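What's in my_file.txt: compact mmCIF, C-alpha atoms and all ligand atoms
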```txt
# COMPACT_ATOMS: atom_id res chain seq x y z
CA MET A 1 34.47 0.04 23.72
CA HIS A 2 35.48 3.58 22.77
CA CYS A 3 32.54 6.02 22.55
CA LEU A 4 32.89 8.37 19.59
CA GLU A 5 30.52 10.84 21.25
CA CYS A 6 32.20 11.49 24.59
CA GLY A 7 35.57 9.79 24.17
CA ALA A 8 35.04 7.58 27.23
CA THR A 9 35.55 3.81 27.22
CA PRO A 10 32.45 2.32 28.86
CA THR A 11 32.29 -1.45 29.53
CA VAL A 12 29.20 -1.67 27.34
CA LEU A 13 28.27 0.90 24.72
CA ASP A 14 24.49 0.80 25.10
CA ASN A 15 21.45 3.08 25.17
CA GLU A 16 22.00 3.79 28.84
CA HIS A 17 25.48 5.19 28.26
CA LEU A 18 24.59 6.97 25.04
CA LEU A 19 21.40 8.61 26.31
CA ALA A 20 23.39 9.94 29.27
CA CYS A 21 26.41 11.14 27.26
CA SER A 22 24.79 12.37 24.04
CA GLY A 23 21.01 11.85 24.17
CA LEU A 24 21.28 9.34 21.31
CA THR A 25 20.03 5.80 21.05
CA LEU A 26 22.49 3.15 19.89
CA GLN A 27 20.85 2.97 16.46
CA GLU A 28 21.14 6.74 16.01
CA TYR A 29 24.79 6.51 17.11
CA ALA A 30 25.36 3.77 14.49
CA LEU A 31 23.73 5.91 11.79
CA ARG A 32 25.61 9.07 12.79
CA HIS A 33 28.94 7.26 12.54
CA ALA A 34 27.90 4.97 9.63
CA LEU A 35 28.76 1.86 11.63
CA PRO A 36 26.99 -1.47 11.16
CA LEU A 37 25.04 -2.48 14.26
CA ASP A 38 26.73 -5.90 13.98
CA LEU A 39 29.94 -4.29 15.25
CA LEU A 40 28.26 -2.62 18.21
CA ILE A 41 26.02 -5.38 19.54
CA SER A 42 27.33 -8.45 21.30
CA PRO A 43 25.42 -11.66 20.43
CA ASP A 44 23.85 -11.88 23.90
CA ARG A 45 22.00 -8.59 23.32
CA ILE A 46 20.32 -9.83 20.14
CA GLY A 47 16.70 -10.98 20.38
CA PRO A 48 13.33 -9.80 21.67
CA SER A 49 12.86 -8.75 25.26
CA ASP A 50 10.54 -11.09 27.17
CA GLY A 51 8.61 -8.29 28.86
CA SER A 52 9.64 -9.52 32.33
CA ASP A 53 11.03 -6.10 33.20
CA LEU A 54 7.79 -4.30 32.44
CA PRO A 55 5.68 -2.82 35.22
CA LEU A 56 2.86 -5.15 36.25
CA MET A 57 0.48 -2.33 37.00
CA PRO A 58 -0.30 0.79 34.99
CA ALA A 59 1.01 4.04 36.38
CA GLY A 60 -2.49 5.42 36.86
CA ILE A 61 -5.95 5.57 35.37
CA PRO A 62 -5.49 6.68 31.75
CA ASP A 63 -6.85 10.15 31.19
CA GLU A 64 -8.79 11.34 28.18
CA THR A 65 -5.62 12.31 26.25
CA ALA A 66 -3.98 8.92 26.85
CA ARG A 67 -7.08 7.12 25.62
CA ALA A 68 -7.37 9.39 22.56
CA VAL A 69 -3.68 8.95 21.60
CA LEU A 70 -3.95 5.16 21.93
CA ALA A 71 -7.12 5.16 19.81
CA GLY A 72 -5.40 7.34 17.17
CA LEU A 73 -2.40 5.00 17.03
CA ARG A 74 -4.75 2.05 16.73
CA LEU A 75 -6.49 3.74 13.77
CA ALA A 76 -3.08 4.34 12.20
CA GLY A 77 -2.37 0.61 12.42
CA LYS A 78 0.56 1.13 14.81
CA VAL A 79 -0.71 -0.93 17.76
CA ASP A 80 0.13 -4.62 17.90
CA ASP A 81 -1.44 -6.37 20.87
CA SER A 82 -1.61 -9.83 19.34
CA GLY A 83 0.51 -11.34 22.15
CA ALA A 84 0.70 -10.78 25.91
CA THR A 85 2.23 -7.34 25.33
CA CYS A 86 1.06 -4.27 23.47
CA ARG A 87 3.71 -2.81 21.12
CA ILE A 88 3.73 0.48 19.21
CA GLU A 89 6.53 0.56 16.68
CA GLY A 90 8.17 3.76 15.44
CA GLY A 91 10.78 4.56 12.80
CA ILE A 92 14.26 5.73 13.74
CA VAL A 93 13.89 9.01 11.86
CA TRP A 94 11.00 10.03 14.09
CA LEU A 95 11.88 8.83 17.58
CA ASP A 96 10.86 12.16 19.08
CA LEU A 97 7.29 11.59 17.96
CA LEU A 98 7.42 8.15 19.59
CA PHE A 99 8.69 9.78 22.81
CA CYS A 100 5.90 12.37 22.55
CA ASP A 101 3.41 9.47 22.29
CA LEU A 102 5.10 7.85 25.27
CA ALA A 103 4.63 10.98 27.37
CA GLN A 104 0.88 10.82 26.66
CA LEU A 105 0.61 7.05 27.07
CA ALA A 106 2.57 6.86 30.34
CA PRO A 107 -0.51 6.05 32.48
CA TYR A 108 -0.75 2.68 30.68
CA GLY A 109 2.73 1.73 31.89
CA PHE A 110 4.40 1.93 28.45
CA ARG A 111 8.21 1.88 28.22
CA PHE A 112 10.55 2.68 25.30
CA ARG A 113 12.67 -0.19 23.99
CA GLN A 114 15.22 -0.54 21.20
CA GLU A 115 15.58 -4.20 20.27
CA TYR A 116 18.20 -5.79 18.03
CA HIS A 117 17.38 -8.69 15.76
CA TYR A 118 19.40 -10.77 13.37
CA ALA A 119 17.71 -10.51 9.96
CA PRO A 120 18.52 -13.78 8.18
CA GLY A 121 17.43 -12.39 4.81
CA THR A 122 20.11 -9.72 4.79
CA HIS A 123 22.59 -11.25 7.27
CA ARG A 124 22.50 -8.05 9.29
CA VAL A 125 21.58 -6.99 12.75
CA VAL A 126 18.63 -4.60 12.55
CA ALA A 127 17.08 -2.43 15.25
CA LYS A 128 13.40 -1.96 16.10
CA ASN A 129 12.12 0.92 18.19
CA PHE A 130 8.85 0.62 20.06
CA LEU A 131 6.80 1.41 23.11
CA ILE A 132 5.71 -1.63 25.07
CA THR A 133 3.43 -2.45 27.99
CA LEU A 134 1.69 -5.57 29.22
CA LYS A 135 -1.62 -6.00 27.46
CA ARG A 136 -3.42 -6.45 30.77
CA ASN A 137 -2.45 -2.87 31.62
CA LEU A 138 -4.79 -1.69 28.86
CA VAL A 139 -7.84 -3.62 30.03
CA GLY A 140 -7.26 -4.31 33.73
CA PRO A 141 -9.97 -4.17 36.39
CA TRP A 142 -8.59 -0.83 37.66
CA LEU A 143 -10.10 0.90 34.65
CA PRO A 144 -13.58 2.41 35.12
CA ALA A 145 -16.29 0.08 33.82
CA ARG A 146 -17.79 2.74 31.59
CA VAL A 147 -15.64 5.30 29.88
CA PRO A 148 -16.80 7.82 27.28
CA PRO A 149 -15.38 7.38 23.77
CA PRO A 150 -11.94 8.99 23.35
CA GLU A 151 -11.74 12.65 22.50
CA GLN A 152 -11.83 12.86 18.70
CA ARG A 153 -9.59 15.84 17.91
CA THR A 154 -6.58 14.30 19.64
CA GLN A 155 -7.47 10.89 18.26
CA TYR A 156 -7.58 12.03 14.62
CA ALA A 157 -4.58 14.36 14.98
CA THR A 158 -2.58 11.40 16.32
CA TYR A 159 -3.87 9.26 13.46
CA LEU A 160 -2.89 11.89 10.85
CA ALA A 161 0.56 12.38 12.37
CA HIS A 162 1.30 8.67 12.00
CA ALA A 163 -0.63 7.63 8.89
CA GLY A 164 -1.46 10.72 6.81
CA GLU A 165 0.46 11.43 3.61
CA LEU A 166 0.43 14.68 1.68
CA HIS A 167 0.61 14.57 -2.13
CA ALA A 168 0.26 17.73 -4.24
CA GLY A 169 -1.80 19.37 -1.50
CA TYR A 170 -4.14 16.38 -1.02
CA LEU A 171 -4.09 14.27 2.15
CA PHE A 172 -4.19 10.49 1.72
CA MET A 173 -5.45 8.52 4.71
CA PRO A 174 -5.41 4.70 4.82
CA PHE A 175 -7.71 2.80 7.20
CA ALA A 176 -7.98 -0.87 8.09
CA SER A 177 -11.73 -0.96 7.41
CA PRO A 178 -14.38 1.02 5.50
CA GLY A 179 -16.23 1.63 8.80
CA GLU A 180 -13.23 3.43 10.29
CA ALA A 181 -12.88 5.50 7.11
CA GLU A 182 -16.57 6.46 7.28
CA ASP A 183 -16.28 7.56 10.92
CA ALA A 184 -13.19 9.63 10.08
CA ALA A 185 -14.91 11.23 7.08
CA ALA A 186 -17.94 12.11 9.23
CA PHE A 187 -15.74 13.70 11.92
CA MET A 188 -13.73 15.70 9.37
CA ALA A 189 -16.87 16.99 7.65
CA ARG A 190 -18.72 17.81 10.86
CA GLU A 191 -15.96 19.23 13.06
CA LEU A 192 -13.49 20.65 10.54
CA GLY A 193 -15.62 21.37 7.47
CA ALA A 194 -13.28 19.22 5.38
CA ALA A 195 -14.76 17.02 2.64
CA THR A 196 -13.10 13.72 1.78
CA ARG A 197 -13.75 11.02 -0.79
CA PRO A 198 -13.11 7.29 -0.53
CA LEU A 199 -10.81 5.90 -3.22
CA ASP A 200 -11.64 2.39 -4.31
CA CYS A 201 -8.53 0.63 -5.41
CA GLY A 202 -9.04 -2.80 -3.93
CA PHE A 203 -5.94 -2.47 -1.76
CA GLY A 204 -5.63 -5.06 0.96
CA ALA A 205 -8.48 -7.14 2.36
CA GLY A 206 -11.15 -4.83 3.73
CA GLY A 207 -8.87 -1.79 3.74
CA ALA A 208 -10.02 1.68 2.76
CA LEU A 209 -8.33 4.81 1.50
CA LEU A 210 -9.64 8.37 2.02
CA ARG A 211 -8.43 11.49 0.25
CA THR A 212 -9.33 15.11 0.92
CA LEU A 213 -11.66 16.18 -1.87
CA THR A 214 -9.84 19.41 -2.76
CA GLN A 215 -6.70 21.26 -1.70
CA ALA A 216 -8.93 23.71 0.21
CA ASP A 217 -10.28 20.74 2.22
CA THR A 218 -6.69 19.79 3.11
CA THR A 219 -6.06 23.31 4.40
CA ARG A 220 -9.28 23.24 6.47
CA LEU A 221 -8.42 19.82 7.87
CA LEU A 222 -4.85 20.69 8.86
CA ASP A 223 -5.67 24.19 10.12
CA GLY A 224 -8.56 22.77 12.15
CA LEU A 225 -6.17 20.44 13.98
CA ARG A 226 -3.26 22.88 14.05
CA ASP A 227 -2.97 23.09 17.87
CA GLU A 228 -2.84 19.31 18.19
CA LEU A 229 -0.48 18.79 15.21
CA ASP A 230 1.82 21.61 16.34
CA ALA A 231 2.27 19.93 19.72
CA MET A 232 3.70 16.77 18.06
CA PRO A 233 7.36 17.12 17.03
CA GLY A 234 7.91 17.52 13.29
CA VAL A 235 4.31 16.86 12.24
CA TRP A 236 3.28 20.37 11.15
CA THR A 237 6.46 20.79 9.06
CA ARG A 238 5.91 17.37 7.48
CA PHE A 239 2.55 18.58 6.14
CA HIS A 240 4.12 21.86 4.98
CA PRO A 241 7.30 20.49 3.45
CA ASP A 242 10.22 22.55 2.28
CA THR A 243 12.10 19.59 0.79
CA PRO A 244 13.44 19.09 -2.77
CA ALA A 245 10.97 18.14 -5.52
CA ILE A 246 11.91 15.00 -7.47
CA THR A 247 10.38 13.13 -10.40
CA VAL A 248 9.97 9.39 -9.94
CA SER A 249 8.96 7.03 -12.72
CA LYS A 250 7.44 3.57 -12.93
CA GLU A 251 7.30 1.33 -15.99
CA VAL A 252 4.50 -1.18 -16.50
CA VAL A 253 3.76 -3.44 -19.45
CA PHE A 254 0.50 -4.82 -20.82
CA ASP A 255 -0.42 -6.87 -23.89
CA SER A 256 -3.56 -5.76 -25.66
CA ALA A 257 -5.40 -6.09 -28.93
CA HIS A 258 -7.06 -3.14 -30.65
CA PHE A 259 -8.31 -1.75 -33.94
CA LEU A 260 -9.01 1.70 -35.32
CA THR A 261 -12.49 2.30 -36.70
CA ASP A 262 -12.51 3.99 -40.16
CA HIS A 263 -8.74 3.76 -40.47
CA PRO A 264 -7.73 3.69 -44.16
CA ALA A 265 -4.87 1.21 -43.70
CA LYS A 266 -4.23 -2.06 -41.89
CA CYS A 267 -4.76 -0.56 -38.39
CA SER A 268 -8.48 -1.12 -38.96
CA ASN A 269 -7.74 -4.84 -38.54
CA LEU A 270 -7.74 -6.37 -35.08
CA HIS A 271 -4.08 -6.64 -34.10
CA GLY A 272 -2.10 -6.98 -30.88
CA GLY A 273 0.99 -5.54 -29.29
CA ARG A 274 2.96 -5.00 -26.13
CA TYR A 275 2.34 -1.59 -24.58
CA VAL A 276 4.97 -0.07 -22.31
CA LEU A 277 3.76 2.72 -20.02
CA HIS A 278 6.00 5.08 -18.05
CA VAL A 279 4.17 6.89 -15.26
CA LYS A 280 6.01 9.97 -13.97
CA VAL A 281 5.13 11.56 -10.66
CA ARG A 282 6.76 14.73 -9.30
CA GLY A 283 6.56 15.69 -5.67
CA GLN A 284 8.51 16.77 -2.63
CA ILE A 285 10.49 14.27 -0.59
CA ASP A 286 8.59 13.25 2.54
CA PRO A 287 11.03 13.83 5.42
CA LEU A 288 9.54 10.84 7.23
CA THR A 289 10.04 8.28 4.46
CA GLY A 290 12.78 9.83 2.31
CA CYS A 291 10.53 9.16 -0.70
CA VAL A 292 8.21 11.19 -2.94
CA LEU A 293 5.75 8.35 -2.70
CA ASP A 294 5.83 4.65 -2.08
CA TYR A 295 6.73 2.79 -5.29
CA GLY A 296 4.55 -0.05 -4.00
CA TYR A 297 1.52 2.27 -3.91
CA LEU A 298 2.36 3.59 -7.39
CA LYS A 299 2.56 0.05 -8.71
CA ARG A 300 -0.68 -1.05 -7.02
CA VAL A 301 -2.58 1.97 -8.40
CA VAL A 302 -1.28 1.56 -11.96
CA ASN A 303 -1.90 -2.19 -11.88
CA ALA A 304 -5.43 -1.89 -10.51
CA ARG A 305 -6.50 1.10 -12.63
CA VAL A 306 -4.71 0.32 -15.90
CA VAL A 307 -2.93 -3.01 -16.29
CA GLU A 308 -5.70 -5.26 -14.97
CA ARG A 309 -8.25 -3.55 -17.24
CA PHE A 310 -6.17 -3.72 -20.40
CA ASP A 311 -3.84 -6.69 -20.17
CA HIS A 312 -5.01 -9.48 -22.53
CA HIS A 313 -8.10 -7.46 -23.45
CA THR A 314 -9.24 -5.67 -26.57
CA LEU A 315 -8.84 -1.97 -25.79
CA ASN A 316 -11.90 -1.02 -27.84
CA TYR A 317 -14.10 -3.12 -25.56
CA ALA A 318 -12.52 -1.96 -22.28
CA GLY A 319 -14.84 1.06 -22.24
CA PRO A 320 -16.83 3.41 -24.49
CA GLU A 321 -14.03 5.99 -24.23
CA LEU A 322 -11.81 3.82 -26.43
CA ALA A 323 -14.44 2.00 -28.49
CA TRP A 324 -14.06 4.19 -31.57
CA ARG A 325 -10.29 4.62 -31.80
CA SER A 326 -7.91 3.23 -29.23
CA THR A 327 -4.96 5.27 -30.46
CA THR A 328 -2.01 5.78 -28.11
CA GLU A 329 -3.09 9.44 -27.90
CA LEU A 330 -6.64 8.68 -26.70
CA LEU A 331 -5.35 5.82 -24.58
CA SER A 332 -2.92 8.19 -22.83
CA ALA A 333 -5.70 10.71 -22.14
CA TYR A 334 -7.88 7.88 -20.79
CA ILE A 335 -5.11 6.46 -18.58
CA TRP A 336 -4.44 9.96 -17.21
CA GLU A 337 -8.07 10.19 -16.08
CA GLN A 338 -7.83 6.75 -14.48
CA LEU A 339 -4.81 7.79 -12.41
CA ILE A 340 -5.08 11.46 -11.49
CA ASP A 341 -7.46 10.93 -8.52
CA TYR A 342 -4.98 8.48 -7.01
CA LEU A 343 -1.77 10.21 -8.10
CA PRO A 344 -2.35 13.98 -7.95
CA GLU A 345 1.40 14.47 -8.43
CA LEU A 346 1.22 12.85 -11.89
CA VAL A 347 3.20 14.98 -14.39
CA GLU A 348 3.66 12.87 -17.50
CA LEU A 349 2.73 9.62 -19.18
CA THR A 350 4.84 8.04 -21.91
CA LEU A 351 3.12 5.25 -23.79
CA TYR A 352 4.97 3.01 -26.26
CA GLU A 353 2.84 1.11 -28.74
CA THR A 354 6.01 -0.28 -30.31
CA PRO A 355 9.65 0.42 -29.44
CA GLN A 356 9.64 2.82 -32.41
CA SER A 357 6.30 4.60 -31.77
CA TRP A 358 5.30 6.35 -28.58
CA CYS A 359 3.54 9.41 -27.29
CA GLN A 360 3.98 11.65 -24.28
CA TYR A 361 1.10 13.30 -22.50
CA SER A 362 0.68 15.71 -19.60
CA GLY A 363 -2.99 16.16 -18.76
CA PRO A 364 -4.82 18.53 -16.44
CA ASP A 365 -3.97 18.48 -12.72
CA LEU A 366 -6.54 17.12 -10.27
CA GLU A 367 -8.01 20.53 -9.48
CA THR A 368 -8.56 21.27 -13.19
CA SER A 369 -10.02 17.83 -13.91
CA GLN A 370 -12.42 18.19 -10.98
CA ARG A 371 -13.57 21.51 -12.43
CA GLU A 372 -13.72 20.51 -16.08
CA GLY A 373 -14.58 16.81 -15.95
CA SER A 374 -13.57 14.19 -18.46
CA GLN A 375 -11.84 15.06 -21.73
CA PRO A 376 -14.61 15.69 -24.36
CA LEU A 377 -12.74 13.57 -26.96
CA LEU A 378 -13.29 10.54 -24.72
CA ARG A 379 -16.96 11.34 -24.14
CA ARG A 380 -18.03 11.56 -27.78
CA PHE A 381 -20.10 8.39 -27.85
CA THR A 382 -21.46 8.65 -24.29
CA ASP A 383 -22.48 12.31 -24.65
CA PRO A 384 -26.28 12.47 -24.14
CA ALA A 385 -26.41 15.14 -26.89
CA LEU A 386 -25.38 12.53 -29.47
CA GLY A 387 -28.42 11.71 -31.62
CA HIS A 388 -30.21 15.01 -30.97
CA SER A 389 -28.76 17.37 -33.57
CA PRO A 390 -31.10 19.29 -35.95
CA TRP A 391 -29.75 17.12 -38.77
CA ARG A 392 -30.91 13.93 -37.02
CA GLN A 393 -34.37 15.51 -36.58
CA TRP A 394 -34.37 16.42 -40.26
CA LEU A 395 -33.33 12.86 -41.12
CA ARG A 396 -36.13 11.35 -39.02
CA ALA A 397 -38.72 13.70 -40.58
CA TRP A 398 -37.38 12.98 -44.05
CA ASP A 399 -37.54 9.24 -43.44
CA ALA A 400 -41.12 9.58 -42.17
CA ARG A 401 -42.20 11.58 -45.28
CA HIS A 402 -40.49 9.04 -47.52
CA GLU A 403 -42.35 6.17 -45.83
CA ASN A 404 -45.70 8.03 -46.15
CA ARG A 405 -45.11 8.56 -49.87
CA GLN A 406 -44.19 4.91 -50.22
CA ALA A 407 -47.43 3.97 -48.42
CA LEU A 408 -49.48 6.17 -50.83
CA CYS A 409 -47.86 4.54 -53.87
CA ASP A 410 -48.68 1.09 -52.46
ZN ZN B 501 29.73 8.37 25.31
```
As structure tokens:
Amino acid sequence: MHCLECGATPTVLDNEHLLACSGLTLQEYALRHALPLDLLISPDRIGPSDGSDLPLMPAGIPDETARAVLAGLRLAGKVDDSGATCRIEGGIVWLDLLFCDLAQLAPYGFRFRQEYHYAPGTHRVVAKNFLITLKRNLVGPWLPARVPPPEQRTQYATYLAHAGELHAGYLFMPFASPGEAEDAAAFMARELGAATRPLDCGFGAGGALLRTLTQADTTRLLDGLRDELDAMPGVWTRFHPDTPAITVSKEVVFDSAHFLTDHPAKCSNLHGGRYVLHVKVRGQIDPLTGCVLDYGYLKRVVNARVVERFDHHTLNYAGPELAWRSTTELLSAYIWEQLIDYLPELVELTLYETPQSWCQYSGPDLETSQREGSQPLLRRFTDPALGHSPWRQWLRAWDARHENRQALCD
């Protein structure tokens, strides 16, 4: 087969040839030349490797860095050791980070592999890139019986590099369990002076999501781990992106009943309708994902925070904020407050009460809402000052005098 990189005609165009002639993997070669992998892979090369070519013994006793990197990858949900092997998968756009991990993990006997699979759903050959070792190399008897816990700076820097996402200056950090999120929050507060807050969105069974509390906390967190993050290819620039800003939009629909207290016309009657909500988020393209944010995350947040609360409910009874008048205007302000903690890149909401009537709203950014709190219009009936005006005191005194007079007459 003719190699478009070096012009030679090797018997097999594979990673071995390509790494030697151009430093590319076969998948990168396919992407560079916009060729389907199906054309480059013979059927006998499709399928998982059986691990028989892997070293049976680790290369040495894993040092502190190796243990910390493995622990960080585990936290990031990248380690799959459900079978006889341990696999760490990486995306094609960031192979250098995977190779950087490999350099640290070498004592465990890890190797890099690019596997080709037939994906029946799309009728295509797809590639997977991963590091692999035999699972027994992680736990074998050659390891010291007692080892101190892995070094935390490297562990959390590795975790952030693989799982952290930056949105509008706030770092979002998913964890598999609340316990892991608590440990991470404690480390970040203690060692880096960075405050975080857990976001409860009911995502995944037992999962947890942490966000830096303020943009200043993000700066402290990243600067505190700068040496570690700088040493990993592409990570520092990913958290300081210089990529185009794009607005992405999601439409959701919910059916709700509502009424408007003290409305002079028929809107004071309980009536129902189909609300259509457009949520617009503007942010910079993440060079790792090619996206501003994951549409799946956007949908889960809007469903959990808005749709599930309102769909087939009476808006006025969804919360005291809307009990008086659930107008599209107040509803938009309320929805904004439900979303901004989870979507700090939120720029606009458009809410249709009917196809002919809608409103657009851009509320305060997260920093401003943290400083100023909830919109006073939504707090009117929960404000502790309600009921304590001088006029109410006058009314109570007047009522009391009136009753006394009544008692005298009786
Ligand atoms: Zn070549």
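Of note, CA of Val248 (chain A) and CA of Pro174 (chain A) are spaced 21.8 Å apart.
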Around ligand ZN 501 (chain B), at most 7 Å away and counting only C-alpha atoms and all ligand atoms, which residues are there? Put them as a PyMOL selection string, please. chain A and resi 3-8+17-18+21-22
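Considering all atoms listed in the file, the residue among A:Asp294, A:Arg113, A:Thr158, A:Asp44 positioned nearest to Glu16 (chain A) is A:Arg113.
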Selected residue, from A:Pro376, A:Gly109, A:Gly273, A:Pro244, that lies nearest to Cys291 (chain A) when counting all atoms listed in the file: A:Pro244
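The neighbours of region 209-223 of chain A here are the residues that come within 6 Å of it, using all atoms listed in the file and leaving out any residue fewer than 5 positions away in the same chain; they are Gly169, Tyr170, Leu171, Phe172, Met173, Pro174, Leu192, Ala194, Ala195, Thr196, Arg197, Pro198 and Leu199 of chain A.
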Export C-alpha atoms of the chosen residues as a PDB file, keeping the file's coordinate frame?
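Writing the result to selection.pdb gives the following:
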```pdb
ATOM      1  CA  GLY A 169      -1.800  19.370  -1.500  1.00  0.00           C
ATOM      2  CA  TYR A 170      -4.140  16.380  -1.020  1.00  0.00           C
ATOM      3  CA  LEU A 171      -4.090  14.270   2.150  1.00  0.00           C
ATOM      4  CA  PHE A 172      -4.190  10.490   1.720  1.00  0.00           C
ATOM      5  CA  MET A 173      -5.450   8.520   4.710  1.00  0.00           C
ATOM      6  CA  PRO A 174      -5.410   4.700   4.820  1.00  0.00           C
ATOM      7  CA  LEU A 192     -13.490  20.650  10.540  1.00  0.00           C
ATOM      8  CA  ALA A 194     -13.280  19.220   5.380  1.00  0.00           C
ATOM      9  CA  ALA A 195     -14.760  17.020   2.640  1.00  0.00           C
ATOM     10  CA  THR A 196     -13.100  13.720   1.780  1.00  0.00           C
ATOM     11  CA  ARG A 197     -13.750  11.020  -0.790  1.00  0.00           C
ATOM     12  CA  PRO A 198     -13.110   7.290  -0.530  1.00  0.00           C
ATOM     13  CA  LEU A 199     -10.810   5.900  -3.220  1.00  0.00           C
TER      14      LEU A 199
END
```
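Closest approach to Gly283 (chain A) among A:His167, A:Arg124, A:His388, A:His312: A:His167, based on only C-alpha atoms.
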